[in-house]
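Okay, entry.cif now, which holds mmCIF, C-alpha atoms:
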data_upload
#
loop_
_atom_site.label_atom_id
_atom_site.label_comp_id
_atom_site.auth_asym_id
_atom_site.auth_seq_id
_atom_site.Cartn_x
_atom_site.Cartn_y
_atom_site.Cartn_z
CA MET A 14 46.90 -129.49 -76.36
CA TYR A 15 44.45 -127.95 -73.93
CA LYS A 16 46.84 -128.29 -71.07
CA PHE A 17 49.53 -126.72 -73.11
CA GLU A 18 47.30 -123.77 -73.94
CA VAL A 19 46.43 -123.24 -70.31
CA ALA A 20 50.05 -123.45 -69.40
CA ALA A 21 50.99 -121.04 -72.16
CA ASN A 22 48.24 -118.64 -71.20
CA SER A 23 49.14 -118.67 -67.57
CA PHE A 24 52.75 -118.19 -68.56
CA ILE A 25 51.84 -115.17 -70.65
CA LEU A 26 49.63 -113.86 -67.88
CA GLN A 27 52.34 -114.30 -65.31
CA ASN A 28 54.73 -112.53 -67.63
CA ARG A 29 52.33 -109.63 -67.99
CA ILE A 30 51.79 -109.40 -64.26
CA ASP A 31 55.53 -109.40 -63.75
CA HIS A 32 55.85 -106.76 -66.38
CA TYR A 33 53.16 -104.53 -64.89
CA SER A 34 54.32 -104.94 -61.32
CA LYS A 35 57.80 -104.04 -62.47
CA PHE A 36 56.38 -101.00 -64.26
CA ILE A 37 54.37 -99.97 -61.19
CA LYS A 38 57.42 -100.40 -58.99
CA GLN A 39 59.37 -98.18 -61.35
CA LEU A 40 56.54 -95.66 -61.42
CA ILE A 41 56.47 -95.52 -57.63
CA ALA A 42 60.23 -95.12 -57.59
CA VAL A 43 60.09 -92.27 -60.11
CA LEU A 44 57.25 -90.56 -58.21
CA PHE A 45 59.17 -90.95 -55.00
CA VAL A 46 62.32 -89.47 -56.50
CA ALA A 47 60.28 -86.66 -58.02
CA LEU A 48 58.73 -85.91 -54.66
CA VAL A 49 61.99 -85.88 -52.76
CA PRO A 50 62.94 -82.30 -53.65
CA LEU A 51 59.43 -81.12 -52.72
CA ILE A 52 59.68 -82.78 -49.35
CA SER A 53 63.18 -81.77 -48.47
CA PHE A 54 63.22 -78.23 -49.91
CA ALA A 55 59.58 -77.32 -49.42
CA ASN A 56 60.49 -74.26 -47.42
CA GLU A 57 63.16 -73.05 -49.78
CA ALA A 58 61.34 -73.10 -53.11
CA VAL A 59 62.70 -69.90 -54.62
CA PRO A 60 60.23 -68.01 -56.77
CA VAL A 61 61.31 -67.34 -60.36
CA ALA A 62 61.39 -63.61 -59.72
CA GLU A 63 62.71 -62.64 -56.33
CA ASP A 64 61.23 -59.21 -56.59
CA PRO A 65 58.20 -59.09 -58.91
CA VAL A 66 58.16 -55.27 -58.99
CA LEU A 67 61.81 -55.08 -60.03
CA GLU A 68 61.33 -57.88 -62.54
CA LYS A 69 58.37 -56.05 -64.08
CA ARG A 70 60.47 -52.90 -64.38
CA LEU A 71 63.29 -54.93 -65.94
CA ILE A 72 60.98 -56.42 -68.54
CA ASP A 73 59.37 -53.07 -69.36
CA LEU A 74 62.78 -51.48 -69.85
CA SER A 75 64.45 -54.33 -71.71
CA GLU A 76 61.53 -54.71 -74.13
CA ASN A 77 62.70 -51.47 -75.75
CA LEU A 78 66.30 -52.63 -76.01
CA ARG A 79 67.79 -54.72 -78.77
CA CYS A 80 69.76 -57.88 -78.20
CA LEU A 81 72.91 -57.46 -80.29
CA VAL A 82 73.34 -61.18 -80.82
CA CYS A 83 69.88 -61.96 -82.17
CA GLN A 84 69.11 -58.56 -83.52
CA ASN A 85 65.41 -58.98 -84.12
CA GLU A 86 64.78 -59.86 -80.51
CA SER A 87 64.55 -57.57 -77.53
CA LEU A 88 66.71 -57.99 -74.46
CA ALA A 89 63.53 -59.03 -72.66
CA GLY A 90 62.66 -61.81 -75.08
CA SER A 91 66.04 -63.15 -76.07
CA ARG A 92 67.42 -66.34 -74.60
CA ALA A 93 70.95 -65.60 -75.78
CA ASP A 94 73.68 -65.68 -73.17
CA PHE A 95 74.44 -62.09 -74.00
CA ALA A 96 70.88 -60.99 -73.17
CA ASN A 97 71.03 -63.00 -69.95
CA ASP A 98 74.21 -61.19 -68.91
CA LEU A 99 72.78 -57.79 -69.71
CA ARG A 100 69.56 -58.52 -67.85
CA ARG A 101 71.63 -59.57 -64.86
CA GLU A 102 73.64 -56.35 -65.13
CA MET A 103 70.45 -54.28 -65.40
CA ARG A 104 68.93 -56.12 -62.43
CA GLU A 105 72.01 -55.34 -60.35
CA GLN A 106 71.88 -51.68 -61.32
CA MET A 107 68.19 -51.51 -60.47
CA LYS A 108 68.94 -52.98 -57.08
CA ALA A 109 71.57 -50.26 -56.71
CA ASN A 110 68.78 -47.71 -57.23
CA LYS A 111 69.88 -46.55 -60.66
CA SER A 112 67.20 -44.83 -62.70
CA ASP A 113 66.01 -46.15 -66.06
CA GLU A 114 67.83 -43.28 -67.80
CA GLU A 115 71.09 -44.13 -66.07
CA ILE A 116 70.79 -47.78 -67.09
CA ILE A 117 70.03 -46.84 -70.71
CA ASP A 118 72.98 -44.42 -70.73
CA PHE A 119 75.17 -47.22 -69.38
CA LEU A 120 74.15 -49.53 -72.23
CA VAL A 121 74.36 -46.87 -74.95
CA ALA A 122 77.87 -45.91 -73.81
CA ARG A 123 78.95 -49.52 -74.40
CA TYR A 124 76.88 -50.72 -77.32
CA GLY A 125 75.83 -47.51 -79.05
CA ASP A 126 72.42 -46.31 -80.13
CA PHE A 127 71.96 -49.65 -81.83
CA VAL A 128 70.67 -51.15 -78.58
CA LEU A 129 67.76 -48.73 -78.61
CA TYR A 130 64.66 -49.68 -80.56
CA ASN A 131 63.60 -46.03 -80.40
CA PRO A 132 66.36 -44.09 -82.12
CA PRO A 133 67.35 -40.84 -80.37
CA PHE A 134 66.82 -37.50 -82.04
CA LYS A 135 70.19 -36.12 -83.20
CA THR A 136 72.03 -34.95 -86.32
CA THR A 137 72.92 -38.43 -87.56
CA THR A 138 69.32 -39.57 -87.24
CA LEU A 139 67.69 -36.49 -88.81
CA LEU A 140 67.12 -38.30 -92.09
CA LEU A 141 65.62 -41.23 -90.22
CA TRP A 142 63.15 -38.98 -88.41
CA PHE A 143 62.30 -36.63 -91.26
CA GLY A 144 62.84 -38.97 -94.24
CA PRO A 145 59.22 -40.18 -94.35
CA LEU A 146 57.96 -36.59 -94.02
CA ILE A 147 60.26 -35.47 -96.86
CA LEU A 148 59.08 -38.36 -99.03
CA PHE A 149 55.45 -37.52 -98.23
CA LEU A 150 55.91 -33.82 -99.03
CA GLY A 151 57.74 -34.66 -102.26
CA ALA A 152 54.99 -37.02 -103.34
CA THR A 153 52.30 -34.44 -102.49
CA ILE A 154 54.07 -31.71 -104.47
CA GLY A 155 54.49 -34.12 -107.37
CA LEU A 156 50.81 -34.99 -107.25
CA ILE A 157 49.76 -31.31 -107.18
CA ILE A 158 52.02 -30.52 -110.15
CA TYR A 159 50.62 -33.49 -112.06
CA LEU A 160 46.99 -32.56 -111.35
CA ARG A 161 47.56 -28.92 -112.36
CA ARG A 162 49.24 -29.92 -115.59
CA ARG A 163 46.43 -32.33 -116.39
CA ARG A 164 43.79 -29.65 -115.83
CA THR A 165 45.43 -27.35 -118.38
CA GLN A 166 45.70 -30.27 -120.77
CA LEU A 167 41.96 -30.94 -120.44
CA GLU A 168 41.02 -27.31 -121.16
CA ASP A 169 39.08 -26.63 -124.38
CA ILE A 170 41.31 -26.04 -127.34
CA PRO A 171 39.35 -23.91 -129.82
CA LEU A 172 39.15 -25.30 -133.34
CA SER A 173 40.65 -23.36 -136.14
CA GLU A 174 38.34 -22.20 -138.99
CA SER A 175 39.44 -24.97 -141.36
CA GLN A 176 38.99 -27.64 -138.64
CA ARG A 177 35.51 -26.26 -137.86
CA LEU A 178 34.49 -26.49 -141.52
CA GLU A 179 35.92 -29.99 -141.78
CA ALA A 180 33.98 -31.14 -138.70
CA GLU A 181 30.79 -29.52 -140.02
CA ALA A 182 31.20 -31.29 -143.31
CA LEU A 183 31.63 -34.63 -141.55
CA ILE A 184 28.50 -34.08 -139.43
CA ASN A 185 26.47 -33.10 -142.47
CA LYS A 186 27.72 -36.13 -144.32
CA THR A 187 26.70 -38.55 -141.58
CA ASN A 188 23.35 -36.84 -141.15
CA LYS A 189 22.57 -37.29 -144.84
CA GLU A 190 23.36 -40.96 -144.70
CA MET B 6 61.54 -39.00 -123.49
CA THR B 7 61.59 -37.63 -119.93
CA ARG B 8 58.60 -39.74 -119.01
CA PHE B 9 60.86 -42.77 -119.42
CA LEU B 10 64.05 -41.21 -118.08
CA LEU B 11 62.55 -40.11 -114.79
CA PRO B 12 61.28 -43.55 -113.68
CA LEU B 13 64.57 -45.03 -114.86
CA ALA B 14 66.50 -42.53 -112.74
CA ILE B 15 64.34 -43.27 -109.68
CA PHE B 16 64.76 -46.99 -110.29
CA SER B 17 68.56 -46.65 -110.54
CA VAL B 18 68.73 -44.71 -107.27
CA LEU B 19 66.60 -47.39 -105.61
CA VAL B 20 68.87 -50.14 -106.95
CA VAL B 21 71.96 -48.37 -105.60
CA PHE B 22 70.37 -47.92 -102.16
CA LEU B 23 69.20 -51.53 -101.99
CA GLY B 24 72.56 -52.74 -103.30
CA VAL B 25 74.43 -50.88 -100.58
CA GLY B 26 71.94 -52.14 -98.00
CA LEU B 27 72.45 -55.73 -99.09
CA THR B 28 76.23 -55.57 -98.85
CA LEU B 29 76.25 -54.06 -95.35
CA ASN B 30 76.85 -56.51 -92.56
CA PRO B 31 74.29 -56.06 -89.79
CA ARG B 32 76.70 -57.76 -87.39
CA GLN B 33 79.17 -54.89 -87.73
CA VAL B 34 77.71 -52.55 -85.19
CA PRO B 35 79.96 -49.51 -84.85
CA SER B 36 81.30 -49.30 -81.33
CA PRO B 37 80.78 -46.04 -79.45
CA LEU B 38 83.99 -46.85 -77.56
CA VAL B 39 86.30 -46.14 -80.50
CA ASP B 40 88.38 -43.03 -79.74
CA LYS B 41 87.34 -43.22 -76.09
CA PRO B 42 89.56 -44.32 -73.19
CA ALA B 43 89.64 -48.08 -72.80
CA PRO B 44 87.49 -49.10 -69.82
CA VAL B 45 89.57 -49.73 -66.73
CA PHE B 46 89.90 -53.28 -65.46
CA GLN B 47 91.86 -55.27 -62.95
CA LEU B 48 91.80 -58.98 -63.67
CA ASN B 49 93.65 -62.12 -62.67
CA HIS B 50 96.06 -63.84 -65.02
CA LEU B 51 94.84 -67.06 -66.59
CA HIS B 52 98.01 -69.03 -65.92
CA ASP B 53 98.87 -67.45 -62.61
CA PRO B 54 95.69 -66.50 -60.73
CA ASP B 55 97.71 -64.72 -58.03
CA LYS B 56 98.88 -62.08 -60.48
CA THR B 57 96.64 -59.32 -61.71
CA LEU B 58 96.78 -57.07 -64.74
CA MET B 59 95.40 -53.56 -64.70
CA SER B 60 94.53 -51.79 -67.92
CA GLN B 61 96.75 -48.88 -66.83
CA ASP B 62 99.76 -51.22 -66.75
CA ASN B 63 99.80 -51.06 -70.54
CA LEU B 64 99.96 -47.26 -70.82
CA GLY B 65 102.83 -46.16 -73.01
CA LYS B 66 102.57 -48.98 -75.52
CA VAL B 67 100.29 -49.94 -78.33
CA TRP B 68 98.59 -53.25 -77.57
CA LEU B 69 95.89 -55.54 -78.80
CA LEU B 70 93.13 -56.86 -76.59
CA ASN B 71 91.77 -60.04 -78.09
CA VAL B 72 88.57 -61.45 -76.59
CA TRP B 73 88.58 -65.22 -76.81
CA ALA B 74 87.17 -68.35 -75.24
CA SER B 75 87.73 -72.07 -75.58
CA TRP B 76 84.03 -72.53 -76.37
CA CYS B 77 84.27 -70.06 -79.25
CA VAL B 78 84.52 -71.88 -82.57
CA ALA B 79 85.33 -68.78 -84.64
CA CYS B 80 88.32 -68.13 -82.35
CA ARG B 81 89.95 -71.22 -83.87
CA ASP B 82 89.78 -69.57 -87.29
CA GLU B 83 91.77 -66.52 -86.30
CA HIS B 84 94.06 -68.22 -83.81
CA PRO B 85 96.86 -69.30 -86.22
CA LEU B 86 97.03 -65.69 -87.44
CA LEU B 87 97.37 -64.39 -83.90
CA VAL B 88 100.11 -66.92 -83.18
CA GLN B 89 101.93 -65.73 -86.30
CA LEU B 90 101.44 -62.11 -85.33
CA ALA B 91 102.82 -62.78 -81.86
CA LYS B 92 105.85 -64.54 -83.33
CA ALA B 93 106.55 -61.52 -85.51
CA LYS B 94 106.69 -59.46 -82.28
CA ILE B 95 104.98 -56.50 -83.90
CA VAL B 96 102.58 -55.78 -81.09
CA PRO B 97 101.83 -57.40 -77.73
CA ILE B 98 98.54 -59.28 -77.73
CA TYR B 99 96.64 -59.54 -74.47
CA GLY B 100 93.94 -62.16 -74.27
CA LEU B 101 90.67 -61.54 -72.48
CA ASN B 102 89.48 -65.04 -71.66
CA TYR B 103 85.76 -64.40 -71.74
CA LYS B 104 83.31 -66.47 -69.69
CA ASP B 105 85.42 -69.60 -69.77
CA GLN B 106 86.68 -72.37 -67.49
CA ARG B 107 90.26 -71.88 -66.41
CA ASP B 108 91.47 -75.43 -67.04
CA THR B 109 89.75 -75.83 -70.41
CA ALA B 110 91.13 -72.44 -71.47
CA ILE B 111 94.69 -73.41 -70.53
CA GLN B 112 94.22 -76.75 -72.31
CA TRP B 113 92.94 -74.93 -75.40
CA LEU B 114 96.02 -72.69 -75.49
CA LYS B 115 98.26 -75.73 -75.16
CA GLN B 116 96.53 -77.32 -78.12
CA TYR B 117 96.34 -74.35 -80.47
CA GLY B 118 99.32 -72.27 -79.33
CA ASP B 119 99.49 -69.28 -77.01
CA PRO B 120 99.98 -65.93 -78.77
CA TYR B 121 99.19 -63.89 -75.68
CA THR B 122 101.67 -61.89 -73.67
CA VAL B 123 99.23 -62.42 -70.83
CA SER B 124 95.75 -63.85 -70.76
CA ILE B 125 93.41 -62.41 -68.19
CA VAL B 126 90.23 -63.96 -66.90
CA ASP B 127 86.82 -62.37 -67.24
CA ALA B 128 84.83 -65.26 -65.86
CA ASP B 129 81.47 -63.54 -65.45
CA GLY B 130 81.76 -61.30 -68.51
CA LYS B 131 81.60 -58.02 -66.54
CA VAL B 132 84.63 -56.50 -68.26
CA GLY B 133 83.20 -57.80 -71.52
CA ILE B 134 80.10 -55.67 -70.93
CA ASP B 135 82.30 -52.63 -70.22
CA TYR B 136 84.06 -53.17 -73.54
CA GLY B 137 80.79 -53.69 -75.39
CA VAL B 138 81.62 -57.30 -76.30
CA TYR B 139 78.72 -59.11 -77.92
CA GLY B 140 80.31 -61.54 -80.31
CA VAL B 141 83.52 -63.39 -79.56
CA PRO B 142 86.14 -63.08 -80.98
CA GLU B 143 86.63 -59.34 -80.89
CA THR B 144 89.91 -57.45 -81.08
CA TYR B 145 90.65 -53.96 -79.83
CA ILE B 146 93.63 -51.80 -80.75
CA ILE B 147 94.57 -49.58 -77.81
CA ASP B 148 97.13 -46.80 -78.18
CA LYS B 149 99.87 -45.47 -75.90
CA GLN B 150 97.45 -43.10 -74.17
CA GLY B 151 95.07 -45.96 -73.42
CA ILE B 152 92.53 -44.93 -76.05
CA ILE B 153 90.67 -47.54 -78.08
CA ARG B 154 91.50 -46.77 -81.68
CA TYR B 155 89.82 -49.64 -83.47
CA LYS B 156 87.50 -52.53 -82.80
CA HIS B 157 87.43 -55.59 -84.99
CA ILE B 158 84.35 -57.77 -84.61
CA GLY B 159 84.61 -61.43 -85.53
CA PRO B 160 87.68 -63.43 -86.48
CA VAL B 161 90.74 -61.49 -87.63
CA THR B 162 91.53 -62.30 -91.27
CA VAL B 163 94.63 -61.77 -93.39
CA LYS B 164 92.76 -59.05 -95.26
CA SER B 165 91.70 -57.18 -92.12
CA LEU B 166 95.25 -57.45 -90.79
CA GLU B 167 96.79 -56.08 -93.95
CA ASP B 168 94.18 -53.45 -94.72
CA LYS B 169 93.47 -52.03 -91.33
CA ILE B 170 95.08 -53.52 -88.25
CA LEU B 171 98.78 -53.56 -89.17
CA PRO B 172 98.83 -50.10 -90.83
CA LEU B 173 97.03 -48.62 -87.84
CA ILE B 174 99.45 -50.24 -85.38
CA LYS B 175 102.39 -48.89 -87.37
CA GLU B 176 100.88 -45.43 -87.38
CA LEU B 177 100.17 -45.53 -83.65
CA GLN B 178 103.61 -46.87 -82.79
CA GLY B 179 105.40 -44.32 -84.96
#

For this file, write the structure as structure tokens.
Amino acid sequence: MYKFEVAANSFILQNRIDHYSKFIKQLIAVLFVALVPLISFANEAVPVAEDPVLEKRLIDLSENLRCLVCQNESLAGSRADFANDLRREMREQMKANKSDEEIIDFLVARYGDFVLYNPPFKTTTLLLWFGPLILFLGATIGLIIYLRRRRTQLEDIPLSESQRLEAEALINKTNKE
Amino acid sequence: MTRFLLPLAIFSVLVVFLGVGLTLNPRQVPSPLVDKPAPVFQLNHLHDPDKTLMSQDNLGKVWLLNVWASWCVACRDEHPLLVQLAKAKIVPIYGLNYKDQRDTAIQWLKQYGDPYTVSIVDADGKVGIDYGVYGVPETYIIDKQGIIRYKHIGPVTVKSLEDKILPLIKELQG
């Protein structure tokens, strides 16, 4: 019995050692494979943004532009293929020394004002720009009219002679009681 | 009485506005390119990469430019209609194969039928940007003078064909 237990234990132990050494071998292999690119391409690690200044300009500009595929996201934030393509196009135009205005004009000519988060000021957007002001003015005028009317309603309305006598009689009656 | 009628009137106006707002499709962004000259392109044929098609080659005829791709699921919806339309020989349909692989695109046409007079390849989507493409499929109607007269976003349906596309083509051809 005892011998059997020892044998079983050592068997289990051996198994575990095998298991761990296999695991460690695999770990070393994985680490080695993971390190290979670092070793071989150490000099060529390309930074995410080739030109940080240009990339900053791109982000600043595209944050104010709408992605037409996922319409609540900006071109800067969207991961849609469409946004990727447009960012690439904008990057190319920036490299070609186009101004921000030229790039925006380029996009508006193709996708319309809808790409702009800040709507331009023109006849079709007049209501958009002045709508809130009109609503505010209307509400203010309404409020003024209402307050004026209420003031006249609150003004003293003189009692007629019969009403006065009636009121007097009531007061006298309650005083007596 | 007016103190009840006025709120009711305001409420009705609000309901109408909200109702209209709800039935609008935010995906239907009006294209600024309608009634403007179709952007110029020069692209290789899908089936014969040595040949090129220039947009000016189609001057003098009314034609459809249909943006499609083998990866585009919605394109499968409209495709039988396009095949039918091509068979009826009403209008030549040119396919803009948008950001696709050549062999998978050719395979796709073999499988679903090829309604296109010519398919041209826009592998990097540059011409797509010029045409304001943002959701495939899209279909443009271009007139004899090379002006874009209509843009249909999303799959072509029987209704859109009957209501808008076919009457417009007839008018432009006449």

*Got a sec: who's within 7 Å of segment 112-118 of chain B, counting all atoms listed in the file, leaving out chain neighbours fewer than 3 positions off, as a list in words?*
Ser75, Val88, Asp108 and Thr109 of chain B

_Please list as an MDAnalysis selection string every residue within 12 Å of Val66 of chain A, counting all atoms listed in the file and excluding residues in the same chain fewer than 6 positions away._
chainID A and resid 72:73 104 107:108

Could you tell me which residues the PyMOL selection byres ((chain B) within 8 of (chain A)) grabs in this file, written as a PDB file with C-alpha atoms, in the coordinates of the input?
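The file below, expr.pdb, is the result:
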ATOM      1  CA  VAL B  34      77.710 -52.550 -85.190  1.00  0.00           C
ATOM      2  CA  PRO B  35      79.960 -49.510 -84.850  1.00  0.00           C
ATOM      3  CA  SER B  36      81.300 -49.300 -81.330  1.00  0.00           C
ATOM      4  CA  PRO B  37      80.780 -46.040 -79.450  1.00  0.00           C
ATOM      5  CA  LEU B  38      83.990 -46.850 -77.560  1.00  0.00           C
ATOM      6  CA  GLY B 130      81.760 -61.300 -68.510  1.00  0.00           C
ATOM      7  CA  ILE B 134      80.100 -55.670 -70.930  1.00  0.00           C
ATOM      8  CA  ASP B 135      82.300 -52.630 -70.220  1.00  0.00           C
ATOM      9  CA  TYR B 136      84.060 -53.170 -73.540  1.00  0.00           C
ATOM     10  CA  GLY B 137      80.790 -53.690 -75.390  1.00  0.00           C
ATOM     11  CA  TYR B 139      78.720 -59.110 -77.920  1.00  0.00           C
ATOM     12  CA  GLY B 140      80.310 -61.540 -80.310  1.00  0.00           C
TER      13      GLY B 140
END

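Among the candidates B:Pro42, B:Gly151, B:Glu83, B:Arg8, the residue lying nearest to Asp62 of chain B is B:Gly151 (atoms considered: all atoms listed in the file).
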
*I need the residue set behind the PyMOL selection byres ((chain B and resi 156) around 8) for this file; please write it as an NGL selection string.*
:B and (36 or 39 or 143-146 or 153-155 or 157-158)

*Starting from the shown file, work through the PyMOL selection byres ((chain B and resi 85) around 12) and note down what comes out as an MDAnalysis selection string.*
chainID B and resid 79:84 86:92 114 116:120 160:163

Any chance you could export the current selection's C-alpha atoms as a compact mmCIF listing (two decimals), keeping the file's coordinate frame?
# COMPACT_ATOMS: atom_id res chain seq x y z
CA ALA B 79 85.33 -68.78 -84.64
CA CYS B 80 88.32 -68.13 -82.35
CA ARG B 81 89.95 -71.22 -83.87
CA ASP B 82 89.78 -69.57 -87.29
CA GLU B 83 91.77 -66.52 -86.30
CA HIS B 84 94.06 -68.22 -83.81
CA LEU B 86 97.03 -65.69 -87.44
CA LEU B 87 97.37 -64.39 -83.90
CA VAL B 88 100.11 -66.92 -83.18
CA GLN B 89 101.93 -65.73 -86.30
CA LEU B 90 101.44 -62.11 -85.33
CA ALA B 91 102.82 -62.78 -81.86
CA LYS B 92 105.85 -64.54 -83.33
CA LEU B 114 96.02 -72.69 -75.49
CA GLN B 116 96.53 -77.32 -78.12
CA TYR B 117 96.34 -74.35 -80.47
CA GLY B 118 99.32 -72.27 -79.33
CA ASP B 119 99.49 -69.28 -77.01
CA PRO B 120 99.98 -65.93 -78.77
CA PRO B 160 87.68 -63.43 -86.48
CA VAL B 161 90.74 -61.49 -87.63
CA THR B 162 91.53 -62.30 -91.27
CA VAL B 163 94.63 -61.77 -93.39

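Here atom CA of Asn102 of chain B and atom CA of Ser165 of chain B stand 22.0 Å from one another.
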